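The file work.cif comes next; it holds mmCIF, C-alpha atoms.
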```cif
data_work
#
loop_
_atom_site.group_PDB
_atom_site.id
_atom_site.type_symbol
_atom_site.label_atom_id
_atom_site.label_comp_id
_atom_site.auth_asym_id
_atom_site.auth_seq_id
_atom_site.Cartn_x
_atom_site.Cartn_y
_atom_site.Cartn_z
ATOM 1 C CA MET A 1 112.538 107.875 76.811
ATOM 2 C CA SER A 2 113.234 109.877 73.649
ATOM 3 C CA GLN A 3 110.653 110.754 71.015
ATOM 4 C CA GLU A 4 112.320 108.280 68.620
ATOM 5 C CA GLU A 5 112.090 105.472 71.184
ATOM 6 C CA GLN A 6 108.408 106.239 71.736
ATOM 7 C CA TYR A 7 107.605 106.078 68.023
ATOM 8 C CA GLU A 8 105.206 103.337 66.969
ATOM 9 C CA ALA A 9 103.769 103.095 63.467
ATOM 10 C CA LYS A 10 99.980 103.423 63.368
ATOM 11 C CA ARG A 11 99.197 104.044 59.689
ATOM 12 C CA ALA A 12 100.644 102.817 56.407
ATOM 13 C CA MET A 13 100.111 103.678 52.760
ATOM 14 C CA CYS A 14 100.806 101.714 49.575
ATOM 15 C CA VAL A 15 101.322 103.724 46.378
ATOM 16 C CA PHE A 16 101.288 101.672 43.182
ATOM 17 C CA ALA A 17 100.672 102.258 39.491
ATOM 18 C CA HIS A 18 97.923 99.773 38.577
ATOM 19 C CA PRO A 19 95.225 97.709 40.218
ATOM 20 C CA ASP A 20 96.930 94.402 41.215
ATOM 21 C CA ASP A 21 100.461 95.875 41.545
ATOM 22 C CA ALA A 22 100.211 96.073 45.324
ATOM 23 C CA GLU A 23 98.988 92.484 45.576
ATOM 24 C CA PHE A 24 101.925 91.195 43.561
ATOM 25 C CA GLY A 25 104.423 93.419 45.372
ATOM 26 C CA CYS A 26 103.476 93.480 49.027
ATOM 27 C CA ALA A 27 100.118 91.876 49.860
ATOM 28 C CA GLY A 28 101.638 89.466 52.353
ATOM 29 C CA THR A 29 103.264 92.346 54.193
ATOM 30 C CA VAL A 30 100.068 94.408 54.108
ATOM 31 C CA ALA A 31 98.046 91.541 55.581
ATOM 32 C CA LYS A 32 100.697 91.070 58.280
ATOM 33 C CA TRP A 33 100.642 94.764 59.192
ATOM 34 C CA VAL A 34 96.843 94.814 59.309
ATOM 35 C CA ASN A 35 96.959 91.817 61.650
ATOM 36 C CA GLU A 36 99.358 93.799 63.830
ATOM 37 C CA GLY A 37 96.869 96.646 64.069
ATOM 38 C CA LEU A 38 98.057 99.104 61.426
ATOM 39 C CA GLU A 39 95.540 101.052 59.371
ATOM 40 C CA VAL A 40 96.500 100.775 55.696
ATOM 41 C CA VAL A 41 95.305 102.803 52.711
ATOM 42 C CA TYR A 42 95.982 102.133 49.025
ATOM 43 C CA VAL A 43 96.738 104.797 46.425
ATOM 44 C CA VAL A 44 96.598 103.729 42.753
ATOM 45 C CA THR A 45 98.083 106.295 40.393
ATOM 46 C CA THR A 46 96.587 105.153 37.059
ATOM 47 C CA ASP A 47 93.072 104.239 35.983
ATOM 48 C CA GLY A 48 94.000 100.731 34.792
ATOM 49 C CA SER A 49 92.353 101.368 31.431
ATOM 50 C CA LYS A 50 94.917 99.544 29.272
ATOM 51 C CA GLY A 51 95.031 96.165 31.032
ATOM 52 C CA SER A 52 93.183 94.078 28.440
ATOM 53 C CA SER A 53 93.683 92.749 24.929
ATOM 54 C CA ASP A 54 89.958 92.046 24.475
ATOM 55 C CA PRO A 55 88.717 94.159 21.518
ATOM 56 C CA HIS A 56 85.185 94.075 22.919
ATOM 57 C CA VAL A 57 86.090 95.774 26.215
ATOM 58 C CA SER A 58 86.265 99.563 26.334
ATOM 59 C CA GLY A 59 88.678 101.523 28.474
ATOM 60 C CA GLU A 60 85.800 102.884 30.540
ATOM 61 C CA GLN A 61 84.451 99.406 31.175
ATOM 62 C CA LEU A 62 87.894 98.232 32.193
ATOM 63 C CA ILE A 63 88.319 101.127 34.623
ATOM 64 C CA GLN A 64 85.125 100.181 36.425
ATOM 65 C CA THR A 65 86.003 96.487 36.477
ATOM 66 C CA ARG A 66 89.564 96.921 37.699
ATOM 67 C CA GLN A 67 88.727 99.487 40.335
ATOM 68 C CA GLY A 68 86.076 97.153 41.726
ATOM 69 C CA GLU A 69 88.581 94.297 41.707
ATOM 70 C CA GLN A 70 91.112 96.447 43.518
ATOM 71 C CA ARG A 71 88.642 97.335 46.243
ATOM 72 C CA ASP A 72 87.763 93.662 46.672
ATOM 73 C CA ALA A 73 91.425 92.625 46.792
ATOM 74 C CA ALA A 74 92.228 95.318 49.340
ATOM 75 C CA ALA A 75 89.283 94.261 51.495
ATOM 76 C CA GLU A 76 90.570 90.673 51.429
ATOM 77 C CA LEU A 77 93.706 91.986 53.155
ATOM 78 C CA GLY A 78 91.832 94.205 55.617
ATOM 79 C CA VAL A 79 92.408 97.452 53.695
ATOM 80 C CA HIS A 80 89.171 99.422 53.584
ATOM 81 C CA GLU A 81 90.153 102.598 51.739
ATOM 82 C CA VAL A 82 91.482 102.807 48.179
ATOM 83 C CA GLU A 83 92.248 106.129 46.483
ATOM 84 C CA PHE A 84 92.416 106.270 42.668
ATOM 85 C CA LEU A 85 94.325 109.190 41.146
ATOM 86 C CA ASN A 86 93.049 108.185 37.677
ATOM 87 C CA HIS A 87 95.996 109.252 35.562
ATOM 88 C CA PRO A 88 95.755 107.506 32.152
ATOM 89 C CA ASP A 89 97.182 103.992 32.216
ATOM 90 C CA GLY A 90 100.249 103.504 30.027
ATOM 91 C CA TYR A 91 101.016 107.211 29.705
ATOM 92 C CA LEU A 92 102.243 108.030 33.210
ATOM 93 C CA GLU A 93 105.195 110.354 33.650
ATOM 94 C CA HIS A 94 106.760 111.858 36.743
ATOM 95 C CA THR A 95 105.220 115.284 36.359
ATOM 96 C CA LEU A 96 104.760 117.941 38.998
ATOM 97 C CA GLU A 97 101.030 117.201 38.829
ATOM 98 C CA LEU A 98 101.590 113.534 39.703
ATOM 99 C CA ARG A 99 104.012 114.425 42.492
ATOM 100 C CA ARG A 100 101.499 116.907 43.925
ATOM 101 C CA ASP A 101 98.662 114.367 43.717
ATOM 102 C CA ILE A 102 100.657 111.789 45.668
ATOM 103 C CA ALA A 103 101.785 114.402 48.189
ATOM 104 C CA ARG A 104 98.130 115.340 48.678
ATOM 105 C CA MET A 105 97.340 111.719 49.572
ATOM 106 C CA ILE A 106 100.269 111.592 51.997
ATOM 107 C CA ARG A 107 99.117 114.781 53.696
ATOM 108 C CA LYS A 108 95.504 113.584 53.748
ATOM 109 C CA HIS A 109 96.146 110.129 55.250
ATOM 110 C CA ARG A 110 99.366 110.942 57.179
ATOM 111 C CA PRO A 111 101.049 107.507 57.044
ATOM 112 C CA ASP A 112 103.976 106.580 59.249
ATOM 113 C CA ARG A 113 105.058 103.902 56.763
ATOM 114 C CA LEU A 114 104.789 103.969 52.991
ATOM 115 C CA ILE A 115 105.360 101.232 50.408
ATOM 116 C CA SER A 116 105.950 102.006 46.753
ATOM 117 C CA MET A 117 107.703 100.716 43.652
ATOM 118 C CA THR A 118 111.292 100.892 42.491
ATOM 119 C CA SER A 119 112.032 103.925 40.355
ATOM 120 C CA THR A 120 114.645 102.133 38.226
ATOM 121 C CA ARG A 121 114.743 99.601 35.400
ATOM 122 C CA SER A 122 116.748 96.444 36.024
ATOM 123 C CA PHE A 123 119.377 95.281 33.541
ATOM 124 C CA THR A 124 120.140 92.072 35.422
ATOM 125 C CA ILE A 125 116.675 90.460 35.128
ATOM 126 C CA SER A 126 116.269 89.015 31.642
ATOM 127 C CA GLY A 127 112.619 87.928 31.795
ATOM 128 C CA TYR A 128 110.974 91.196 32.780
ATOM 129 C CA ILE A 129 111.114 94.857 31.709
ATOM 130 C CA ASN A 130 109.839 97.227 34.358
ATOM 131 C CA HIS A 131 106.702 99.036 33.217
ATOM 132 C CA PRO A 132 107.220 102.796 32.656
ATOM 133 C CA ASP A 133 104.165 103.526 34.827
ATOM 134 C CA HIS A 134 105.889 101.669 37.676
ATOM 135 C CA ILE A 135 109.061 103.691 37.271
ATOM 136 C CA ALA A 136 107.157 106.985 37.157
ATOM 137 C CA THR A 137 105.086 106.040 40.205
ATOM 138 C CA GLY A 138 108.125 105.014 42.209
ATOM 139 C CA ASP A 139 110.085 108.137 41.338
ATOM 140 C CA ALA A 140 107.196 110.535 41.937
ATOM 141 C CA THR A 141 106.334 108.832 45.238
ATOM 142 C CA LEU A 142 109.844 109.183 46.614
ATOM 143 C CA ALA A 143 109.836 112.845 45.591
ATOM 144 C CA ALA A 144 106.407 113.299 47.176
ATOM 145 C CA VAL A 145 107.665 111.804 50.439
ATOM 146 C CA TYR A 146 110.778 113.962 50.415
ATOM 147 C CA PRO A 147 110.588 116.843 50.252
ATOM 148 C CA THR A 148 107.114 117.664 48.860
ATOM 149 C CA ALA A 149 104.730 116.322 51.518
ATOM 150 C CA ARG A 150 107.014 117.643 54.249
ATOM 151 C CA ASP A 151 107.568 121.209 53.026
ATOM 152 C CA ARG A 152 104.918 123.839 53.680
ATOM 153 C CA MET A 153 105.986 126.153 50.870
ATOM 154 C CA THR A 154 105.842 123.463 48.162
ATOM 155 C CA PHE A 155 102.453 123.400 46.395
ATOM 156 C CA PRO A 156 100.856 126.000 48.704
ATOM 157 C CA GLU A 157 97.482 125.126 47.183
ATOM 158 C CA LEU A 158 97.551 121.966 49.299
ATOM 159 C CA ILE A 159 97.543 124.149 52.413
ATOM 160 C CA THR A 160 94.571 126.032 50.974
ATOM 161 C CA GLU A 161 92.807 122.702 50.481
ATOM 162 C CA GLY A 162 93.374 121.902 54.149
ATOM 163 C CA TYR A 163 96.282 119.460 53.818
ATOM 164 C CA GLU A 164 99.004 120.308 56.294
ATOM 165 C CA PRO A 165 102.574 119.034 55.749
ATOM 166 C CA HIS A 166 103.382 115.529 56.927
ATOM 167 C CA LYS A 167 106.653 113.643 57.357
ATOM 168 C CA VAL A 168 106.671 109.927 56.516
ATOM 169 C CA ARG A 169 108.938 108.019 58.896
ATOM 170 C CA GLU A 170 109.649 104.830 56.917
ATOM 171 C CA VAL A 171 109.658 104.061 53.182
ATOM 172 C CA TYR A 172 109.660 100.501 51.818
ATOM 173 C CA VAL A 173 110.549 100.070 48.122
ATOM 174 C CA THR A 174 109.548 96.903 46.254
ATOM 175 C CA GLY A 175 111.296 95.395 43.254
ATOM 176 C CA THR A 176 114.749 96.681 44.117
ATOM 177 C CA GLU A 177 117.919 94.733 43.401
ATOM 178 C CA THR A 178 119.381 95.873 46.731
ATOM 179 C CA PRO A 179 116.865 94.834 49.424
ATOM 180 C CA ASP A 180 117.856 95.177 53.047
ATOM 181 C CA CYS A 181 114.582 94.144 54.732
ATOM 182 C CA TRP A 182 112.814 90.792 54.546
ATOM 183 C CA ILE A 183 109.323 90.410 56.001
ATOM 184 C CA ASP A 184 108.048 86.973 56.970
ATOM 185 C CA ILE A 185 104.744 86.350 55.168
ATOM 186 C CA SER A 186 104.507 82.647 55.983
ATOM 187 C CA GLU A 187 101.243 83.214 57.864
ATOM 188 C CA THR A 188 99.756 85.585 55.271
ATOM 189 C CA ILE A 189 100.801 84.149 51.910
ATOM 190 C CA ASP A 190 97.370 82.532 51.481
ATOM 191 C CA LYS A 191 95.831 85.999 51.925
ATOM 192 C CA LYS A 192 98.154 87.308 49.213
ATOM 193 C CA ILE A 193 97.015 84.580 46.832
ATOM 194 C CA ALA A 194 93.336 85.127 47.646
ATOM 195 C CA ALA A 195 93.725 88.876 47.070
ATOM 196 C CA LEU A 196 95.412 88.297 43.716
ATOM 197 C CA TYR A 197 92.530 86.111 42.559
ATOM 198 C CA LYS A 198 90.165 89.028 43.216
ATOM 199 C CA HIS A 199 91.720 90.594 40.106
ATOM 200 C CA ALA A 200 89.769 88.209 37.894
ATOM 201 C CA SER A 201 90.209 90.300 34.732
ATOM 202 C CA GLN A 202 93.986 89.985 35.115
ATOM 203 C CA VAL A 203 94.647 86.812 37.120
ATOM 204 C CA SER A 204 93.172 83.414 36.293
ATOM 205 C CA ASP A 205 96.162 81.052 36.118
ATOM 206 C CA PRO A 206 95.444 77.958 38.248
ATOM 207 C CA GLU A 207 99.202 77.678 38.766
ATOM 208 C CA LEU A 208 99.333 81.071 40.488
ATOM 209 C CA PRO A 209 99.481 79.663 44.059
ATOM 210 C CA LYS A 210 102.443 77.480 43.096
ATOM 211 C CA TRP A 211 104.235 80.408 41.445
ATOM 212 C CA ILE A 212 103.596 82.761 44.382
ATOM 213 C CA ARG A 213 104.838 80.191 46.896
ATOM 214 C CA GLU A 214 107.929 79.437 44.808
ATOM 215 C CA ARG A 215 108.696 83.143 44.554
ATOM 216 C CA GLY A 216 108.092 83.691 48.268
ATOM 217 C CA ALA A 217 110.359 80.770 49.152
ATOM 218 C CA LYS A 218 113.123 82.044 46.867
ATOM 219 C CA VAL A 219 112.963 85.510 48.436
ATOM 220 C CA ALA A 220 113.125 83.916 51.894
ATOM 221 C CA GLU A 221 116.297 81.930 51.160
ATOM 222 C CA GLY A 222 118.879 82.529 53.879
ATOM 223 C CA GLN A 223 116.444 84.482 56.068
ATOM 224 C CA ASP A 224 115.103 81.716 58.363
ATOM 225 C CA MET A 225 111.604 82.168 56.919
ATOM 226 C CA GLN A 226 109.424 79.911 54.798
ATOM 227 C CA TYR A 227 108.042 82.736 52.642
ATOM 228 C CA ALA A 228 109.072 86.393 52.471
ATOM 229 C CA GLU A 229 108.700 89.704 50.681
ATOM 230 C CA CYS A 230 111.704 91.997 50.490
ATOM 231 C CA PHE A 231 112.234 95.749 50.362
ATOM 232 C CA LYS A 232 114.803 98.513 50.407
ATOM 233 C CA VAL A 233 113.914 100.554 53.486
ATOM 234 C CA PHE A 234 114.587 104.225 54.174
ATOM 235 C CA GLN A 235 114.369 105.274 57.830
ATOM 236 C CA LEU A 236 113.643 108.997 57.731
ATOM 237 C CA GLY A 237 113.362 109.646 61.459
#
```
Exercise: express the given structure as structure tokens:
Amino acid sequence: MSQEEQYEAKRAMCVFAHPDDAEFGCAGTVAKWVNEGLEVVYVVTTDGSKGSSDPHVSGEQLIQTRQGEQRDAAAELGVHEVEFLNHPDGYLEHTLELRRDIARMIRKHRPDRLISMTSTRSFTISGYINHPDHIATGDATLAAVYPTARDRMTFPELITEGYEPHKVREVYVTGTETPDCWIDISETIDKKIAALYKHASQVSDPELPKWIRERGAKVAEGQDMQYAECFKVFQLG
């Protein structure tokens, strides 16, 4: 049996811009993978400090609230480690610093699978404009996967810190207009909804379960599934 045939994913990582992004994008899949025995870690690139219109809430207060909510939401799914890179919310750009920070997390946690966000803005969806922090996170994450986390001579300070190169085997991108992988979340969609409600500062709509189920059913159309999440997948070997 070849090395490729022997490969079995053990660890996964989700890299998203804000607290709650992962729950909206892939919580059903995360819960499914945890149930299958994968160890999953979250990486949140921003501090979440802009996610409120309440004039009585400071950015520092919001950071503490949203990070606590993210830990609770992750725990609901069986994810017990959340890393916060704490770049300022709303100001994120794909800089070399951001790429290095994500590569550090990849080298530290050594995931076989990684989920992140699309690095493009859609011009076919009329009701939503992709957040610039999402685009920067998606683009920097793909660059961190390949080639940064893999290449020893890129950011040699990471070697000094003790983080050896690591090659991610599979990358799943959410929010893309060209998905080629649908994951059945029929048994975990209630976990997704429960995790979303942990983000109480952001999510309070009593109609949320209906909306999430309608969205999951629409994604699943034609896939012989009741509810699904979809991704563009890169198999990197």
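CA of Asp20 (chain A) to CA of Thr120 (chain A) spans 19.6 Å [interatomic distance, one decimal].
Each of A:Thr124, A:Thr174, A:Gln61, A:Ser52 was checked against Asp21 (chain A) using only C-alpha atoms; the smallest atom-to-atom distance is that of A:Thr174.
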For the PyMOL selection byres ((chain A and resi 80) around 8), applied here, can you spell out every residue it catches as an MDAnalysis selection string?
chainID A and resid 40:41 71 74:75 78:79 81:82
Quick one: apply the PyMOL selection byres ((chain A and resi 166) around 8) to the file and drop the selected residues here as a ChimeraX atom specification.
/A:106-107,110,149-150,164-165,167-168
For Glu187 (chain A), which of A:Gln70, A:Gln226, A:Ser201, A:Thr160 is the closest residue, counting only C-alpha atoms?
A:Gln226
Can you pull out the residues contacting region 204-220 of chain A? Cut-off 7 Å, using only C-alpha atoms, and skip same-chain residues under 6 positions away; I want them as JSON, numbers by chain.
{"A": [193, 197, 226, 227, 228, 229, 230]}
